[in-house]
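> File follows, work05.cif with mmCIF, N, CA, C and O atoms:
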data_coords
loop_
_atom_site.label_atom_id
_atom_site.label_comp_id
_atom_site.auth_asym_id
_atom_site.auth_seq_id
_atom_site.Cartn_x
_atom_site.Cartn_y
_atom_site.Cartn_z
N MET A 1 -40.82 183.56 -137.44
CA MET A 1 -40.85 184.13 -138.77
C MET A 1 -39.56 183.84 -139.52
O MET A 1 -39.40 184.28 -140.64
N SER A 2 -38.66 183.14 -138.90
CA SER A 2 -37.38 182.87 -139.53
C SER A 2 -37.54 181.88 -140.68
O SER A 2 -38.31 180.94 -140.61
N THR A 3 -36.77 182.12 -141.73
CA THR A 3 -36.75 181.18 -142.86
C THR A 3 -35.47 180.36 -142.85
O THR A 3 -35.26 179.53 -143.71
N LYS A 4 -34.63 180.59 -141.83
CA LYS A 4 -33.36 179.88 -141.75
C LYS A 4 -33.57 178.50 -141.15
O LYS A 4 -34.38 178.31 -140.24
N HIS A 5 -32.81 177.54 -141.63
CA HIS A 5 -32.86 176.18 -141.09
C HIS A 5 -31.98 176.14 -139.84
O HIS A 5 -30.83 176.58 -139.87
N THR A 6 -32.51 175.61 -138.75
CA THR A 6 -31.77 175.60 -137.49
C THR A 6 -30.75 174.48 -137.43
O THR A 6 -29.80 174.56 -136.68
N GLY A 7 -30.97 173.41 -138.16
CA GLY A 7 -30.05 172.28 -138.14
C GLY A 7 -30.22 171.40 -136.92
O GLY A 7 -29.42 170.51 -136.67
N LEU A 8 -31.25 171.66 -136.13
CA LEU A 8 -31.49 170.88 -134.92
C LEU A 8 -32.42 169.71 -135.17
O LEU A 8 -32.65 168.92 -134.27
N GLY A 9 -32.95 169.60 -136.31
CA GLY A 9 -33.89 168.53 -136.60
C GLY A 9 -35.29 168.83 -136.09
O GLY A 9 -36.17 167.99 -136.14
N ILE A 10 -35.47 170.04 -135.58
CA ILE A 10 -36.77 170.45 -135.07
C ILE A 10 -37.30 171.55 -135.97
O ILE A 10 -36.63 172.56 -136.19
N ASP A 11 -38.50 171.37 -136.47
CA ASP A 11 -39.11 172.39 -137.32
C ASP A 11 -39.86 173.37 -136.42
O ASP A 11 -40.90 173.03 -135.86
N ARG A 12 -39.31 174.54 -136.23
CA ARG A 12 -39.91 175.53 -135.33
C ARG A 12 -40.88 176.46 -136.04
O ARG A 12 -41.48 177.30 -135.44
N ASP A 13 -40.98 176.35 -137.33
CA ASP A 13 -41.84 177.24 -138.10
C ASP A 13 -43.24 176.66 -138.19
O ASP A 13 -43.44 175.59 -138.73
N ASN A 14 -44.22 177.38 -137.61
CA ASN A 14 -45.61 176.94 -137.64
C ASN A 14 -46.36 177.46 -138.86
O ASN A 14 -47.53 177.16 -139.03
N TYR A 15 -45.70 178.26 -139.67
CA TYR A 15 -46.36 178.91 -140.80
C TYR A 15 -45.75 178.42 -142.11
O TYR A 15 -44.60 178.00 -142.16
N ASP A 16 -46.55 178.53 -143.16
CA ASP A 16 -46.08 178.10 -144.47
C ASP A 16 -44.98 179.01 -145.02
O ASP A 16 -44.10 178.56 -145.74
N SER A 17 -45.05 180.29 -144.65
CA SER A 17 -44.05 181.23 -145.14
C SER A 17 -43.85 182.34 -144.12
O SER A 17 -44.65 182.51 -143.20
N ALA A 18 -42.77 183.08 -144.31
CA ALA A 18 -42.50 184.21 -143.42
C ALA A 18 -43.59 185.27 -143.56
O ALA A 18 -43.93 185.95 -142.59
N THR A 19 -44.17 185.39 -144.74
CA THR A 19 -45.24 186.36 -144.97
C THR A 19 -46.46 186.03 -144.12
O THR A 19 -47.05 186.92 -143.49
N ASN A 20 -46.82 184.75 -144.06
CA ASN A 20 -47.97 184.33 -143.23
C ASN A 20 -47.68 184.58 -141.75
O ASN A 20 -48.55 185.02 -141.00
N ALA A 21 -46.45 184.30 -141.34
CA ALA A 21 -46.07 184.53 -139.94
C ALA A 21 -46.15 186.01 -139.61
O ALA A 21 -46.68 186.41 -138.56
N PHE A 22 -45.62 186.85 -140.48
CA PHE A 22 -45.64 188.30 -140.27
C PHE A 22 -47.07 188.81 -140.24
O PHE A 22 -47.42 189.65 -139.41
N SER A 23 -47.90 188.33 -141.13
CA SER A 23 -49.30 188.74 -141.18
C SER A 23 -50.00 188.40 -139.87
O SER A 23 -50.76 189.21 -139.32
N ASN A 24 -49.76 187.20 -139.36
CA ASN A 24 -50.35 186.79 -138.09
C ASN A 24 -49.85 187.68 -136.95
O ASN A 24 -50.62 188.12 -136.10
N TYR A 25 -48.54 187.97 -136.94
CA TYR A 25 -47.96 188.84 -135.92
C TYR A 25 -48.61 190.22 -135.96
O TYR A 25 -48.97 190.78 -134.91
N MET A 26 -48.79 190.78 -137.14
CA MET A 26 -49.40 192.11 -137.26
C MET A 26 -50.86 192.09 -136.79
O MET A 26 -51.33 193.05 -136.18
N ASN A 27 -51.59 191.00 -137.06
CA ASN A 27 -52.97 190.88 -136.59
C ASN A 27 -53.01 190.85 -135.06
O ASN A 27 -53.87 191.48 -134.44
N ILE A 28 -52.10 190.11 -134.47
CA ILE A 28 -52.03 190.04 -133.01
C ILE A 28 -51.70 191.41 -132.43
O ILE A 28 -52.31 191.87 -131.45
N LEU A 29 -50.72 192.09 -133.03
CA LEU A 29 -50.33 193.42 -132.57
C LEU A 29 -51.49 194.41 -132.70
O LEU A 29 -51.75 195.19 -131.78
N ALA A 30 -52.21 194.39 -133.79
CA ALA A 30 -53.35 195.29 -133.99
C ALA A 30 -54.44 195.01 -132.96
O ALA A 30 -55.03 195.95 -132.41
N ASP A 31 -54.68 193.73 -132.68
CA ASP A 31 -55.68 193.38 -131.67
C ASP A 31 -55.26 193.90 -130.30
O ASP A 31 -56.07 194.45 -129.56
N PHE A 32 -53.98 193.75 -129.97
CA PHE A 32 -53.47 194.26 -128.69
C PHE A 32 -53.64 195.76 -128.59
O PHE A 32 -54.11 196.28 -127.57
N ILE A 33 -53.28 196.48 -129.64
CA ILE A 33 -53.41 197.94 -129.64
C ILE A 33 -54.88 198.35 -129.50
O ILE A 33 -55.20 199.29 -128.75
N ASN A 34 -55.78 197.67 -130.16
CA ASN A 34 -57.21 197.97 -130.03
C ASN A 34 -57.69 197.75 -128.60
O ASN A 34 -58.49 198.53 -128.08
N ARG A 35 -57.23 196.68 -127.98
CA ARG A 35 -57.64 196.42 -126.59
C ARG A 35 -57.11 197.48 -125.64
O ARG A 35 -57.81 197.93 -124.74
N VAL A 36 -55.86 197.89 -125.83
CA VAL A 36 -55.29 198.94 -124.99
C VAL A 36 -56.04 200.25 -125.20
O VAL A 36 -56.39 200.94 -124.23
N ASN A 37 -56.33 200.60 -126.44
CA ASN A 37 -57.05 201.84 -126.72
C ASN A 37 -58.47 201.82 -126.18
O ASN A 37 -59.01 202.85 -125.80
N SER A 38 -59.09 200.64 -126.11
CA SER A 38 -60.44 200.57 -125.54
C SER A 38 -60.42 200.79 -124.03
O SER A 38 -61.35 201.34 -123.47
N LEU A 39 -59.33 200.38 -123.40
CA LEU A 39 -59.22 200.59 -121.95
C LEU A 39 -58.72 201.99 -121.62
O LEU A 39 -59.10 202.58 -120.61
N TYR A 40 -57.83 202.52 -122.45
CA TYR A 40 -57.23 203.83 -122.23
C TYR A 40 -57.36 204.64 -123.52
O TYR A 40 -56.43 204.71 -124.32
N PRO A 41 -58.50 205.27 -123.71
CA PRO A 41 -58.75 205.99 -124.96
C PRO A 41 -57.72 207.10 -125.23
O PRO A 41 -57.26 207.75 -124.31
N GLU A 42 -57.41 207.27 -126.50
CA GLU A 42 -56.45 208.30 -126.90
C GLU A 42 -57.06 209.70 -126.82
O GLU A 42 -56.35 210.68 -126.67
N ASP A 43 -58.38 209.80 -126.91
CA ASP A 43 -59.02 211.10 -126.95
C ASP A 43 -59.37 211.63 -125.55
O ASP A 43 -60.21 212.50 -125.40
N LEU A 44 -58.70 211.14 -124.55
CA LEU A 44 -58.93 211.59 -123.19
C LEU A 44 -58.47 213.05 -123.08
O LEU A 44 -57.33 213.38 -123.43
N ASP A 45 -59.35 213.94 -122.63
CA ASP A 45 -59.02 215.35 -122.50
C ASP A 45 -57.99 215.56 -121.40
O ASP A 45 -57.91 214.81 -120.44
N ASN A 46 -57.20 216.63 -121.57
CA ASN A 46 -56.18 216.95 -120.57
C ASN A 46 -56.81 217.24 -119.21
O ASN A 46 -56.26 216.87 -118.18
N GLU A 47 -57.96 217.91 -119.23
CA GLU A 47 -58.63 218.22 -117.96
C GLU A 47 -59.05 216.93 -117.26
O GLU A 47 -58.87 216.79 -116.05
N GLU A 48 -59.61 216.01 -118.02
CA GLU A 48 -60.04 214.75 -117.44
C GLU A 48 -58.83 213.95 -116.93
O GLU A 48 -58.86 213.37 -115.86
N LEU A 49 -57.77 213.95 -117.71
CA LEU A 49 -56.56 213.25 -117.32
C LEU A 49 -55.97 213.87 -116.06
O LEU A 49 -55.60 213.17 -115.12
N ASN A 50 -55.92 215.20 -116.00
CA ASN A 50 -55.40 215.88 -114.81
C ASN A 50 -56.27 215.59 -113.60
O ASN A 50 -55.75 215.41 -112.49
N SER A 51 -57.57 215.53 -113.80
CA SER A 51 -58.49 215.19 -112.72
C SER A 51 -58.21 213.80 -112.18
O SER A 51 -58.16 213.59 -110.97
N LEU A 52 -58.01 212.85 -113.09
CA LEU A 52 -57.73 211.48 -112.68
C LEU A 52 -56.38 211.39 -111.96
O LEU A 52 -56.25 210.69 -110.95
N LEU A 53 -55.38 212.10 -112.47
CA LEU A 53 -54.07 212.09 -111.83
C LEU A 53 -54.12 212.71 -110.44
O LEU A 53 -53.48 212.23 -109.50
N THR A 54 -54.91 213.78 -110.30
CA THR A 54 -55.08 214.40 -108.99
C THR A 54 -55.75 213.45 -108.02
O THR A 54 -55.34 213.33 -106.86
N THR A 55 -56.77 212.75 -108.49
CA THR A 55 -57.46 211.77 -107.64
C THR A 55 -56.50 210.68 -107.20
O THR A 55 -56.47 210.31 -106.02
N ILE A 56 -55.70 210.18 -108.12
CA ILE A 56 -54.73 209.14 -107.78
C ILE A 56 -53.72 209.65 -106.75
O ILE A 56 -53.40 208.96 -105.78
N LYS A 57 -53.23 210.89 -106.94
CA LYS A 57 -52.27 211.46 -106.00
C LYS A 57 -52.90 211.62 -104.63
O LYS A 57 -52.29 211.29 -103.61
N ASN A 58 -54.14 212.13 -104.58
CA ASN A 58 -54.82 212.33 -103.30
C ASN A 58 -55.04 211.00 -102.59
O ASN A 58 -54.88 210.91 -101.37
N GLN A 59 -55.39 209.97 -103.33
CA GLN A 59 -55.58 208.65 -102.72
C GLN A 59 -54.25 208.12 -102.19
O GLN A 59 -54.20 207.52 -101.12
N GLY A 60 -53.17 208.35 -102.92
CA GLY A 60 -51.85 207.93 -102.45
C GLY A 60 -51.47 208.66 -101.17
O GLY A 60 -50.94 208.04 -100.23
N ASP A 61 -51.75 209.97 -101.11
CA ASP A 61 -51.46 210.74 -99.91
C ASP A 61 -52.28 210.24 -98.73
O ASP A 61 -51.79 210.14 -97.60
N GLU A 62 -53.55 209.93 -98.98
CA GLU A 62 -54.42 209.42 -97.91
C GLU A 62 -53.92 208.07 -97.41
O GLU A 62 -53.91 207.81 -96.21
N ILE A 63 -53.47 207.22 -98.33
CA ILE A 63 -52.92 205.92 -97.93
C ILE A 63 -51.68 206.11 -97.06
O ILE A 63 -51.52 205.45 -96.03
N ASP A 64 -50.80 207.04 -97.44
CA ASP A 64 -49.61 207.31 -96.64
C ASP A 64 -49.97 207.80 -95.25
O ASP A 64 -49.38 207.37 -94.25
N THR A 65 -50.96 208.71 -95.16
CA THR A 65 -51.41 209.22 -93.87
C THR A 65 -51.96 208.09 -93.00
O THR A 65 -51.65 208.01 -91.80
N LEU A 66 -52.77 207.23 -93.59
CA LEU A 66 -53.34 206.13 -92.83
C LEU A 66 -52.27 205.13 -92.38
O LEU A 66 -52.35 204.58 -91.27
N ARG A 67 -51.27 204.91 -93.21
CA ARG A 67 -50.16 204.02 -92.80
C ARG A 67 -49.42 204.60 -91.62
O ARG A 67 -49.02 203.88 -90.70
N LYS A 68 -49.20 205.92 -91.63
CA LYS A 68 -48.52 206.57 -90.50
C LYS A 68 -49.35 206.43 -89.23
O LYS A 68 -48.81 206.18 -88.15
N LYS A 69 -50.67 206.58 -89.34
CA LYS A 69 -51.55 206.42 -88.17
C LYS A 69 -51.47 205.00 -87.64
O LYS A 69 -51.43 204.78 -86.44
N ILE A 70 -51.46 204.03 -88.56
CA ILE A 70 -51.35 202.62 -88.15
C ILE A 70 -50.04 202.40 -87.40
O ILE A 70 -50.01 201.74 -86.35
N ASP A 71 -48.95 202.94 -87.94
CA ASP A 71 -47.65 202.79 -87.28
C ASP A 71 -47.67 203.40 -85.88
O ASP A 71 -47.15 202.80 -84.93
N LEU A 72 -48.27 204.59 -85.75
CA LEU A 72 -48.36 205.23 -84.43
C LEU A 72 -49.20 204.41 -83.46
O LEU A 72 -48.86 204.26 -82.28
N LEU A 73 -50.32 203.88 -83.94
CA LEU A 73 -51.17 203.07 -83.08
C LEU A 73 -50.47 201.79 -82.65
O LEU A 73 -50.59 201.37 -81.49
N GLU A 74 -49.74 201.17 -83.57
CA GLU A 74 -48.99 199.96 -83.21
C GLU A 74 -47.91 200.27 -82.19
O GLU A 74 -47.71 199.52 -81.23
N LEU A 75 -47.21 201.40 -82.36
CA LEU A 75 -46.19 201.81 -81.41
C LEU A 75 -46.81 202.10 -80.06
O LEU A 75 -46.28 201.71 -79.01
N SER A 76 -47.94 202.77 -80.07
CA SER A 76 -48.65 203.07 -78.82
C SER A 76 -49.06 201.79 -78.11
O SER A 76 -48.93 201.67 -76.89
N LYS A 77 -49.54 200.82 -78.88
CA LYS A 77 -49.95 199.54 -78.31
C LYS A 77 -48.75 198.83 -77.68
O LYS A 77 -48.85 198.32 -76.56
N VAL A 78 -47.64 198.83 -78.35
CA VAL A 78 -46.42 198.19 -77.83
C VAL A 78 -45.98 198.88 -76.55
O VAL A 78 -45.63 198.23 -75.56
N ASN A 79 -46.01 200.22 -76.54
CA ASN A 79 -45.61 200.97 -75.35
C ASN A 79 -46.53 200.68 -74.17
O ASN A 79 -46.08 200.55 -73.04
N LYS A 80 -47.84 200.58 -74.44
CA LYS A 80 -48.79 200.26 -73.36
C LYS A 80 -48.53 198.86 -72.82
O LYS A 80 -48.57 198.64 -71.62
N GLU A 81 -48.25 197.92 -73.72
CA GLU A 81 -47.97 196.55 -73.27
C GLU A 81 -46.71 196.51 -72.43
O GLU A 81 -46.66 195.82 -71.41
N LYS A 82 -45.69 197.29 -72.81
CA LYS A 82 -44.46 197.35 -72.02
C LYS A 82 -44.73 197.97 -70.65
O LYS A 82 -44.20 197.50 -69.63
N ALA A 83 -45.56 199.01 -70.62
CA ALA A 83 -45.89 199.67 -69.35
C ALA A 83 -46.64 198.72 -68.44
O ALA A 83 -46.38 198.65 -67.23
N VAL A 84 -47.59 197.96 -68.98
CA VAL A 84 -48.34 196.99 -68.18
C VAL A 84 -47.40 195.92 -67.65
O VAL A 84 -47.48 195.55 -66.47
N THR A 85 -46.51 195.43 -68.48
CA THR A 85 -45.55 194.41 -68.06
C THR A 85 -44.65 194.95 -66.97
O THR A 85 -44.39 194.27 -65.96
N LYS A 86 -44.18 196.18 -67.12
CA LYS A 86 -43.31 196.80 -66.12
C LYS A 86 -44.05 196.97 -64.80
O LYS A 86 -43.52 196.66 -63.74
N THR A 87 -45.30 197.44 -64.87
CA THR A 87 -46.12 197.62 -63.65
C THR A 87 -46.35 196.28 -62.96
O THR A 87 -46.26 196.19 -61.74
N THR A 88 -46.64 195.25 -63.73
CA THR A 88 -46.86 193.92 -63.17
C THR A 88 -45.60 193.42 -62.47
O THR A 88 -45.66 192.88 -61.37
N LYS A 89 -44.45 193.61 -63.07
CA LYS A 89 -43.19 193.19 -62.46
C LYS A 89 -42.92 193.96 -61.17
O LYS A 89 -42.46 193.41 -60.18
N GLU A 90 -43.22 195.28 -61.19
CA GLU A 90 -43.01 196.10 -59.99
C GLU A 90 -43.91 195.64 -58.85
O GLU A 90 -43.49 195.58 -57.70
N LYS A 91 -45.16 195.29 -59.15
CA LYS A 91 -46.09 194.81 -58.12
C LYS A 91 -45.59 193.50 -57.53
O LYS A 91 -45.64 193.29 -56.33
N LYS A 92 -45.12 192.60 -58.39
CA LYS A 92 -44.59 191.32 -57.91
C LYS A 92 -43.36 191.54 -57.04
O LYS A 92 -43.20 190.89 -56.02
N THR A 93 -42.51 192.48 -57.44
CA THR A 93 -41.30 192.77 -56.66
C THR A 93 -41.68 193.34 -55.30
O THR A 93 -41.10 192.98 -54.28
N LYS A 94 -42.70 194.22 -55.24
CA LYS A 94 -43.16 194.81 -53.97
C LYS A 94 -43.76 193.73 -53.06
O LYS A 94 -43.53 193.73 -51.86
N LYS A 95 -44.51 192.78 -53.64
CA LYS A 95 -45.11 191.70 -52.86
C LYS A 95 -44.00 190.83 -52.25
O LYS A 95 -44.08 190.46 -51.09
N VAL A 96 -43.00 190.52 -53.03
CA VAL A 96 -41.88 189.71 -52.55
C VAL A 96 -41.14 190.46 -51.46
O VAL A 96 -40.77 189.87 -50.43
N ALA A 97 -40.95 191.76 -51.62
CA ALA A 97 -40.25 192.56 -50.63
C ALA A 97 -41.05 192.64 -49.33
O ALA A 97 -40.50 192.62 -48.25
N LYS A 98 -42.38 192.72 -49.38
CA LYS A 98 -43.21 192.78 -48.20
C LYS A 98 -43.16 191.48 -47.41
O LYS A 98 -43.17 191.48 -46.21
N LYS A 99 -43.11 190.35 -48.12
CA LYS A 99 -43.07 189.05 -47.46
C LYS A 99 -41.77 188.85 -46.69
O LYS A 99 -41.75 188.19 -45.67
N GLU A 100 -40.71 189.44 -47.15
CA GLU A 100 -39.42 189.29 -46.51
C GLU A 100 -39.36 190.21 -45.36
O GLU A 100 -39.06 190.16 -44.32
#
Show this structure as structure tokens.

Amino acid sequence: MSTKHTGLGIDRDNYDSATNAFSNYMNILADFINRVNSLYPEDLDNEELNSLLTTIKNQGDEIDTLRKKIDLLELSKVNKEKAVTKTTKEKKTKKVAKKE
């Protein structure tokens, strides 16, 4: 929207005048606002909004709980694998000791 000459030899102005550029900018902005309002209406009731926020919070809490369960299961799996490895080593050590 600038009317100043840059002196670079490159014409950066795609519009005939600053007024046309501003008009185009305002049309784009209005279109953006309409799209946002269609996705997130302004007339959303507080009760409905609170309901949605509660649902989002509950889903977040459930995700956190499930992540903790996954962490515990992974830890349990690692501990079992270590126990199996330890038992296997002990059996091999006992077999070697018996042979001697």
> For atom C of Asn14 of chain A and atom N of Asn27 of chain A, quote the distance in Å rounded to one decimal.
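The value is 14.6 Å.
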> Please, what distance in Å, to one decimal, runs between atom CA of Tyr40 of chain A and atom CA of Ala21 of chain A?
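That distance, rounded to one decimal, is 28.5 Å.
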> Could you please determine the separation between atom CA of Ser51 of chain A and atom C of Ile63 of chain A in Å, to one decimal place?
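Calculated distance between atom CA of Ser51 of chain A and atom C of Ile63 of chain A is 19.3 Å.
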> Generate the missing atoms of segment 69-80 of chain A up to all heavy atoms and report them as a PDB file, in the coordinates of the input.

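File produced: result.pdb:
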ATOM      1  N   LYS A  69     -50.670 206.580 -89.340  1.00  0.00           N
ATOM      2  CA  LYS A  69     -51.550 206.420 -88.170  1.00  0.00           C
ATOM      3  C   LYS A  69     -51.470 205.000 -87.640  1.00  0.00           C
ATOM      4  O   LYS A  69     -51.430 204.780 -86.440  1.00  0.00           O
ATOM      5  CB  LYS A  69     -52.996 206.767 -88.534  1.00  0.00           C
ATOM      6  CG  LYS A  69     -53.256 208.236 -88.666  1.00  0.00           C
ATOM      7  CD  LYS A  69     -54.731 208.500 -88.962  1.00  0.00           C
ATOM      8  CE  LYS A  69     -55.004 209.974 -89.111  1.00  0.00           C
ATOM      9  NZ  LYS A  69     -56.423 210.250 -89.401  1.00  0.00           N
ATOM     10  N   ILE A  70     -51.460 204.030 -88.560  1.00  0.00           N
ATOM     11  CA  ILE A  70     -51.350 202.620 -88.150  1.00  0.00           C
ATOM     12  C   ILE A  70     -50.040 202.400 -87.400  1.00  0.00           C
ATOM     13  O   ILE A  70     -50.010 201.740 -86.350  1.00  0.00           O
ATOM     14  CB  ILE A  70     -51.461 201.681 -89.370  1.00  0.00           C
ATOM     15  CG1 ILE A  70     -52.891 201.673 -89.897  1.00  0.00           C
ATOM     16  CG2 ILE A  70     -51.017 200.272 -89.013  1.00  0.00           C
ATOM     17  CD1 ILE A  70     -53.055 200.960 -91.226  1.00  0.00           C
ATOM     18  N   ASP A  71     -48.950 202.940 -87.940  1.00  0.00           N
ATOM     19  CA  ASP A  71     -47.650 202.790 -87.280  1.00  0.00           C
ATOM     20  C   ASP A  71     -47.670 203.400 -85.880  1.00  0.00           C
ATOM     21  O   ASP A  71     -47.150 202.800 -84.930  1.00  0.00           O
ATOM     22  CB  ASP A  71     -46.539 203.448 -88.119  1.00  0.00           C
ATOM     23  CG  ASP A  71     -46.261 202.692 -89.409  1.00  0.00           C
ATOM     24  OD1 ASP A  71     -46.662 201.503 -89.497  1.00  0.00           O
ATOM     25  OD2 ASP A  71     -45.646 203.283 -90.324  1.00  0.00           O
ATOM     26  N   LEU A  72     -48.270 204.590 -85.750  1.00  0.00           N
ATOM     27  CA  LEU A  72     -48.360 205.230 -84.430  1.00  0.00           C
ATOM     28  C   LEU A  72     -49.200 204.410 -83.460  1.00  0.00           C
ATOM     29  O   LEU A  72     -48.860 204.260 -82.280  1.00  0.00           O
ATOM     30  CB  LEU A  72     -48.930 206.644 -84.564  1.00  0.00           C
ATOM     31  CG  LEU A  72     -48.009 207.688 -85.189  1.00  0.00           C
ATOM     32  CD1 LEU A  72     -48.758 209.002 -85.401  1.00  0.00           C
ATOM     33  CD2 LEU A  72     -46.790 207.912 -84.318  1.00  0.00           C
ATOM     34  N   LEU A  73     -50.320 203.880 -83.940  1.00  0.00           N
ATOM     35  CA  LEU A  73     -51.170 203.070 -83.080  1.00  0.00           C
ATOM     36  C   LEU A  73     -50.470 201.790 -82.650  1.00  0.00           C
ATOM     37  O   LEU A  73     -50.590 201.370 -81.490  1.00  0.00           O
ATOM     38  CB  LEU A  73     -52.490 202.738 -83.799  1.00  0.00           C
ATOM     39  CG  LEU A  73     -53.450 203.908 -83.976  1.00  0.00           C
ATOM     40  CD1 LEU A  73     -54.619 203.501 -84.877  1.00  0.00           C
ATOM     41  CD2 LEU A  73     -53.953 204.392 -82.637  1.00  0.00           C
ATOM     42  N   GLU A  74     -49.740 201.170 -83.570  1.00  0.00           N
ATOM     43  CA  GLU A  74     -48.990 199.960 -83.210  1.00  0.00           C
ATOM     44  C   GLU A  74     -47.910 200.270 -82.190  1.00  0.00           C
ATOM     45  O   GLU A  74     -47.710 199.520 -81.230  1.00  0.00           O
ATOM     46  CB  GLU A  74     -48.388 199.313 -84.458  1.00  0.00           C
ATOM     47  CG  GLU A  74     -49.412 198.637 -85.338  1.00  0.00           C
ATOM     48  CD  GLU A  74     -48.839 198.079 -86.629  1.00  0.00           C
ATOM     49  OE1 GLU A  74     -47.686 198.423 -86.982  1.00  0.00           O
ATOM     50  OE2 GLU A  74     -49.549 197.308 -87.286  1.00  0.00           O
ATOM     51  N   LEU A  75     -47.210 201.400 -82.360  1.00  0.00           N
ATOM     52  CA  LEU A  75     -46.190 201.810 -81.410  1.00  0.00           C
ATOM     53  C   LEU A  75     -46.810 202.100 -80.060  1.00  0.00           C
ATOM     54  O   LEU A  75     -46.280 201.710 -79.010  1.00  0.00           O
ATOM     55  CB  LEU A  75     -45.456 203.041 -81.944  1.00  0.00           C
ATOM     56  CG  LEU A  75     -44.306 203.564 -81.104  1.00  0.00           C
ATOM     57  CD1 LEU A  75     -43.212 202.511 -80.986  1.00  0.00           C
ATOM     58  CD2 LEU A  75     -43.740 204.840 -81.715  1.00  0.00           C
ATOM     59  N   SER A  76     -47.940 202.770 -80.070  1.00  0.00           N
ATOM     60  CA  SER A  76     -48.650 203.070 -78.820  1.00  0.00           C
ATOM     61  C   SER A  76     -49.060 201.790 -78.110  1.00  0.00           C
ATOM     62  O   SER A  76     -48.930 201.670 -76.890  1.00  0.00           O
ATOM     63  CB  SER A  76     -49.882 203.931 -79.120  1.00  0.00           C
ATOM     64  OG  SER A  76     -50.647 204.116 -77.969  1.00  0.00           O
ATOM     65  N   LYS A  77     -49.540 200.820 -78.880  1.00  0.00           N
ATOM     66  CA  LYS A  77     -49.950 199.540 -78.310  1.00  0.00           C
ATOM     67  C   LYS A  77     -48.750 198.830 -77.680  1.00  0.00           C
ATOM     68  O   LYS A  77     -48.850 198.320 -76.560  1.00  0.00           O
ATOM     69  CB  LYS A  77     -50.562 198.663 -79.406  1.00  0.00           C
ATOM     70  CG  LYS A  77     -50.999 197.309 -78.929  1.00  0.00           C
ATOM     71  CD  LYS A  77     -51.537 196.479 -80.071  1.00  0.00           C
ATOM     72  CE  LYS A  77     -51.851 195.067 -79.623  1.00  0.00           C
ATOM     73  NZ  LYS A  77     -52.251 194.208 -80.726  1.00  0.00           N
ATOM     74  N   VAL A  78     -47.640 198.830 -78.350  1.00  0.00           N
ATOM     75  CA  VAL A  78     -46.420 198.190 -77.830  1.00  0.00           C
ATOM     76  C   VAL A  78     -45.980 198.880 -76.550  1.00  0.00           C
ATOM     77  O   VAL A  78     -45.630 198.230 -75.560  1.00  0.00           O
ATOM     78  CB  VAL A  78     -45.300 198.201 -78.889  1.00  0.00           C
ATOM     79  CG1 VAL A  78     -43.969 197.816 -78.293  1.00  0.00           C
ATOM     80  CG2 VAL A  78     -45.656 197.281 -80.043  1.00  0.00           C
ATOM     81  N   ASN A  79     -46.010 200.220 -76.540  1.00  0.00           N
ATOM     82  CA  ASN A  79     -45.610 200.970 -75.350  1.00  0.00           C
ATOM     83  C   ASN A  79     -46.530 200.680 -74.170  1.00  0.00           C
ATOM     84  O   ASN A  79     -46.080 200.550 -73.040  1.00  0.00           O
ATOM     85  CB  ASN A  79     -45.560 202.467 -75.637  1.00  0.00           C
ATOM     86  CG  ASN A  79     -44.384 202.842 -76.513  1.00  0.00           C
ATOM     87  OD1 ASN A  79     -43.405 202.110 -76.593  1.00  0.00           O
ATOM     88  ND2 ASN A  79     -44.475 203.964 -77.202  1.00  0.00           N
ATOM     89  N   LYS A  80     -47.840 200.580 -74.440  1.00  0.00           N
ATOM     90  CA  LYS A  80     -48.790 200.260 -73.360  1.00  0.00           C
ATOM     91  C   LYS A  80     -48.530 198.860 -72.820  1.00  0.00           C
ATOM     92  O   LYS A  80     -48.570 198.640 -71.620  1.00  0.00           O
ATOM     93  CB  LYS A  80     -50.227 200.368 -73.871  1.00  0.00           C
ATOM     94  CG  LYS A  80     -50.702 201.778 -74.039  1.00  0.00           C
ATOM     95  CD  LYS A  80     -52.136 201.831 -74.537  1.00  0.00           C
ATOM     96  CE  LYS A  80     -52.578 203.257 -74.769  1.00  0.00           C
ATOM     97  NZ  LYS A  80     -53.947 203.334 -75.310  1.00  0.00           N
TER      98      LYS A  80
END
